[in-house]
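As provided, my_file.txt (compact mmCIF, C-alpha atoms) reads as follows.
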```txt
# COMPACT_ATOMS: atom_id res chain seq x y z
CA MET B 2 21.72 -35.63 -34.72
CA ASP B 3 20.26 -32.10 -34.46
CA LEU B 4 20.01 -30.89 -30.87
CA LEU B 5 18.92 -27.78 -29.07
CA LEU B 6 20.66 -26.88 -25.84
CA ALA B 7 19.25 -24.21 -23.53
CA TYR B 8 20.69 -23.15 -20.21
CA ASP B 9 19.91 -20.94 -17.26
CA VAL B 10 22.83 -20.14 -15.01
CA ASP B 11 22.41 -18.19 -11.79
CA THR B 12 24.47 -15.06 -12.41
CA THR B 13 23.76 -13.30 -9.12
CA THR B 14 27.30 -14.09 -7.96
CA PRO B 15 30.76 -13.64 -9.57
CA ALA B 16 31.12 -17.42 -9.46
CA GLY B 17 27.84 -17.73 -11.37
CA ARG B 18 28.99 -15.29 -14.03
CA ARG B 19 32.20 -17.36 -14.41
CA ARG B 20 30.09 -20.53 -14.77
CA LEU B 21 27.99 -18.80 -17.44
CA ARG B 22 31.08 -17.92 -19.47
CA ARG B 23 32.44 -21.46 -19.15
CA VAL B 24 29.10 -23.03 -20.13
CA ALA B 25 28.87 -20.75 -23.18
CA LYS B 26 32.48 -21.48 -24.15
CA THR B 27 31.91 -25.23 -23.86
CA CYS B 28 28.78 -25.01 -26.02
CA GLU B 29 30.58 -22.85 -28.59
CA GLY B 30 32.94 -25.75 -29.09
CA HIS B 31 30.01 -27.90 -30.11
CA GLY B 32 27.62 -25.77 -32.12
CA LEU B 33 26.09 -22.40 -32.99
CA ARG B 34 24.74 -19.87 -30.52
CA VAL B 35 21.32 -18.80 -31.74
CA GLN B 36 20.24 -16.86 -28.68
CA LYS B 37 21.93 -15.70 -25.49
CA SER B 38 21.50 -19.08 -23.82
CA VAL B 39 20.42 -21.34 -26.66
CA PHE B 40 22.67 -23.36 -28.96
CA GLU B 41 22.02 -25.47 -31.99
CA ILE B 42 24.30 -28.49 -31.86
CA VAL B 43 24.98 -31.28 -34.35
CA ALA B 44 26.50 -34.23 -32.51
CA ASP B 45 26.43 -38.01 -32.18
CA ASP B 46 25.49 -39.84 -28.98
CA LYS B 47 29.10 -40.16 -27.83
CA THR B 48 29.72 -36.44 -28.19
CA VAL B 49 26.46 -35.64 -26.41
CA LEU B 50 27.57 -37.74 -23.42
CA ARG B 51 30.92 -35.96 -23.30
CA LEU B 52 29.28 -32.54 -23.64
CA LEU B 53 26.83 -33.25 -20.82
CA HIS B 54 29.66 -34.59 -18.68
CA ASP B 55 31.75 -31.46 -19.30
CA LEU B 56 28.80 -29.18 -18.53
CA GLU B 57 27.99 -31.06 -15.35
CA GLN B 58 31.51 -30.34 -14.07
CA ILE B 59 30.92 -26.61 -14.66
CA ILE B 60 27.41 -25.87 -13.40
CA ASP B 61 26.11 -25.60 -9.88
CA THR B 62 23.50 -28.32 -9.99
CA ALA B 63 21.57 -26.66 -7.18
CA THR B 64 20.99 -23.41 -9.05
CA ASP B 65 21.71 -23.86 -12.75
CA SER B 66 19.67 -25.65 -15.41
CA ILE B 67 20.58 -27.28 -18.71
CA ARG B 68 18.06 -28.77 -21.15
CA LEU B 69 19.06 -30.70 -24.24
CA TYR B 70 16.35 -31.50 -26.78
CA ARG B 71 16.59 -33.77 -29.79
CA LEU B 72 15.12 -32.23 -32.89
CA PRO B 73 13.75 -34.07 -35.91
CA PRO B 74 16.14 -34.49 -38.86
CA ASP B 75 16.69 -31.08 -40.49
CA GLY B 76 15.07 -29.54 -37.41
CA PHE B 77 17.22 -26.40 -37.58
CA ASN B 78 15.96 -25.50 -41.01
CA HIS B 79 12.31 -25.69 -39.95
CA VAL B 80 12.63 -23.27 -37.07
CA GLN B 81 10.06 -20.47 -37.22
CA THR B 82 11.60 -17.12 -36.38
CA LEU B 83 10.50 -13.62 -35.48
CA GLY B 84 12.53 -10.45 -35.07
CA THR B 85 16.29 -10.70 -35.28
CA ALA B 86 16.25 -14.53 -35.28
CA GLN B 87 17.68 -16.14 -38.39
CA VAL B 88 17.88 -19.73 -39.61
CA GLN B 89 21.53 -20.60 -39.02
CA PRO B 90 23.53 -22.46 -41.71
CA HIS B 91 25.31 -25.37 -40.06
CA ARG B 92 28.55 -26.11 -41.92
CA GLU B 93 29.04 -29.88 -42.41
CA ASP B 94 32.48 -29.73 -40.72
CA LEU B 95 30.77 -28.77 -37.48
CA VAL B 96 29.54 -32.36 -37.15
CA LEU B 97 31.74 -33.70 -34.29
CA MET D 30 2.48 -30.97 -31.86
CA ASP D 31 5.30 -30.52 -29.32
CA LEU D 32 7.12 -27.23 -29.73
CA LEU D 33 9.93 -25.38 -28.03
CA LEU D 34 9.81 -21.62 -27.97
CA ALA D 35 12.86 -19.58 -26.95
CA TYR D 36 13.10 -15.82 -26.86
CA ASP D 37 15.63 -13.07 -26.32
CA VAL D 38 14.15 -9.66 -25.58
CA ASP D 39 16.34 -6.58 -25.26
CA THR D 40 15.74 -5.50 -21.67
CA THR D 41 18.10 -2.52 -21.61
CA THR D 42 15.11 -0.18 -21.68
CA PRO D 43 11.89 0.02 -19.63
CA ALA D 44 9.97 -0.63 -22.85
CA GLY D 45 12.05 -3.77 -23.39
CA ARG D 46 11.31 -5.01 -19.88
CA ARG D 47 7.59 -4.44 -20.55
CA ARG D 48 7.89 -6.42 -23.82
CA LEU D 49 9.62 -9.24 -21.92
CA ARG D 50 6.76 -9.48 -19.45
CA ARG D 51 4.18 -9.44 -22.24
CA VAL D 52 6.03 -12.12 -24.25
CA ALA D 53 6.28 -14.32 -21.15
CA LYS D 54 2.61 -13.79 -20.32
CA THR D 55 1.58 -14.68 -23.87
CA CYS D 56 3.67 -17.84 -23.79
CA GLU D 57 2.29 -18.80 -20.37
CA GLY D 58 -1.12 -18.90 -22.01
CA HIS D 59 0.14 -21.56 -24.37
CA GLY D 60 2.46 -23.83 -22.45
CA LEU D 61 4.95 -24.45 -19.65
CA ARG D 62 7.95 -22.28 -18.82
CA VAL D 63 10.95 -24.57 -18.44
CA GLN D 64 13.63 -21.90 -18.25
CA LYS D 65 13.66 -18.12 -17.96
CA SER D 66 13.08 -17.64 -21.68
CA VAL D 67 12.17 -21.13 -22.88
CA PHE D 68 8.67 -22.62 -23.08
CA GLU D 69 7.39 -26.06 -23.96
CA ILE D 70 4.20 -25.67 -25.94
CA VAL D 71 1.68 -28.20 -27.21
CA ALA D 72 -0.34 -26.64 -30.04
CA ASP D 73 -1.79 -27.27 -33.48
CA ASP D 74 -0.82 -25.31 -36.59
CA LYS D 75 -3.67 -22.82 -36.23
CA THR D 76 -2.70 -22.01 -32.66
CA VAL D 77 0.95 -21.67 -33.64
CA LEU D 78 0.01 -19.09 -36.27
CA ARG D 79 -2.04 -17.13 -33.75
CA LEU D 80 0.74 -17.32 -31.13
CA LEU D 81 3.37 -16.07 -33.58
CA HIS D 82 1.03 -13.31 -34.72
CA ASP D 83 0.42 -12.22 -31.11
CA LEU D 84 4.13 -12.28 -30.31
CA GLU D 85 4.99 -10.31 -33.43
CA GLN D 86 2.68 -7.51 -32.22
CA ILE D 87 4.61 -7.39 -28.92
CA ILE D 88 8.29 -7.63 -29.82
CA ASP D 89 10.60 -5.06 -31.33
CA THR D 90 11.60 -6.93 -34.46
CA ALA D 91 14.80 -4.92 -34.68
CA THR D 92 16.14 -6.03 -31.30
CA ASP D 93 14.19 -9.05 -30.05
CA SER D 94 14.35 -12.65 -31.20
CA ILE D 95 11.89 -15.53 -31.07
CA ARG D 96 12.63 -19.07 -32.22
CA LEU D 97 10.02 -21.80 -32.40
CA TYR D 98 11.20 -25.36 -32.94
CA ARG D 99 9.10 -28.42 -33.69
CA LEU D 100 10.09 -31.39 -31.59
CA PRO D 101 9.56 -35.05 -32.46
CA PRO D 102 6.46 -36.70 -30.97
CA ASP D 103 6.94 -37.07 -27.20
CA GLY D 104 9.93 -34.72 -27.51
CA PHE D 105 9.40 -33.20 -24.07
CA ASN D 106 9.81 -36.53 -22.33
CA HIS D 107 13.16 -37.21 -24.04
CA VAL D 108 14.79 -33.99 -22.93
CA GLN D 109 18.14 -34.58 -21.20
CA THR D 110 18.53 -32.40 -18.15
CA LEU D 111 21.23 -31.26 -15.77
CA GLY D 112 20.99 -29.30 -12.54
CA THR D 113 17.62 -27.91 -11.56
CA ALA D 114 16.03 -28.82 -14.90
CA GLN D 115 13.16 -31.31 -14.68
CA VAL D 116 11.07 -33.13 -17.26
CA GLN D 117 7.78 -31.25 -17.14
CA PRO D 118 4.47 -33.16 -17.12
CA HIS D 119 2.18 -31.66 -19.76
CA ARG D 120 -1.46 -32.04 -18.69
CA GLU D 121 -3.64 -33.15 -21.63
CA ASP D 122 -5.97 -30.16 -21.14
CA LEU D 123 -3.11 -27.84 -22.06
CA VAL D 124 -3.51 -28.93 -25.71
CA LEU D 125 -5.13 -25.83 -27.29
```

Using structure tokens, write down the structure from this file.
Amino acid sequence: MDLLLAYDVDTTTPAGRRRLRRVAKTCEGHGLRVQKSVFEIVADDKTVLRLLHDLEQIIDTATDSIRLYRLPPDGFNHVQTLGTAQVQPHREDLVL
Amino acid sequence: MDLLLAYDVDTTTPAGRRRLRRVAKTCEGHGLRVQKSVFEIVADDKTVLRLLHDLEQIIDTATDSIRLYRLPPDGFNHVQTLGTAQVQPHREDLVL
């Protein structure tokens, strides 16, 4: 399954900046960063549940926001880009 | 068509901060902001072309990035959210 994960973490405090790093690190274990706070992730339902669980332990649910969208099959390759954005090649072995 | 637009604008300069405001304003004319730099947009192909054209006139293509993803039908309502994120109701009259 192709997924797009976007997050907003409140970085006005040192604790928030730590949460941001941990959220990014967790996402990096699951997919490709395509923008500062946007990741393209290939994962099955089980992995999605674990990822969301892990992220929920990290964020402050009162201030931070995570959105996970399902894309159509081959959704990454149909992204329209402007500027520095590139279509990212997802290696098959990244499928968890 | 349900679309997700995400942008990264280099805000290290006053000009960049101006571009960020103009990009956000342009996107606000086309859909709902769901995170700092993520918008849910309902638009047809013609409107997408015009939106991308308008955005391309604003951004610095050497430093800024815009990604526009097509979602499956009813994609907004299947978003999985954590923290402050909410499923956003798209009024029908927002379809341009």

Quiz item: What is the distance, in Å and to one decimal place, between CA of Tyr98 (chain D) and CA of Leu78 (chain D)?
Solution: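 It comes out at 13.3 Å.
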
Self-check item: Who sits within 10 Å of region 43-59 of chain D, all atoms listed in the file, same chain under 2 positions skipped, as a ChimeraX atom specification
Solution: /D:34-41,61-62,65-72,76-77,80-81,83-89,92-93,95,123-125

Exercise. Mind giving me the straight-line distance from CA of Met30 (chain D) to CA of Asp73 (chain D) in Å, one decimal?
Key: 5.9 Å

Quiz item: What is the CA of Ala114 (chain D)-CA of Pro74 (chain B) distance in Å, reported with one decimal?
Solution: 24.6 Å

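Point (13.6, -16.9, -37.7) has the following residues at most 8 Å away: Val80, Gln81, Thr82, Leu83, Gly84, Thr85, Ala86, Gln87 and Val88 of chain B; Ser94, Ile95 and Arg96 of chain D (atoms considered: all atoms listed in the file).
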
Exercise. Name the closest residue to chain D among the candidates B:Lys47, B:Gln89, B:Ala63, B:Gly32; distances are taken between atoms, counting all atoms listed in the file.
Key: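 Residue with the minimum atom-to-atom distance to chain D: B:Ala63.
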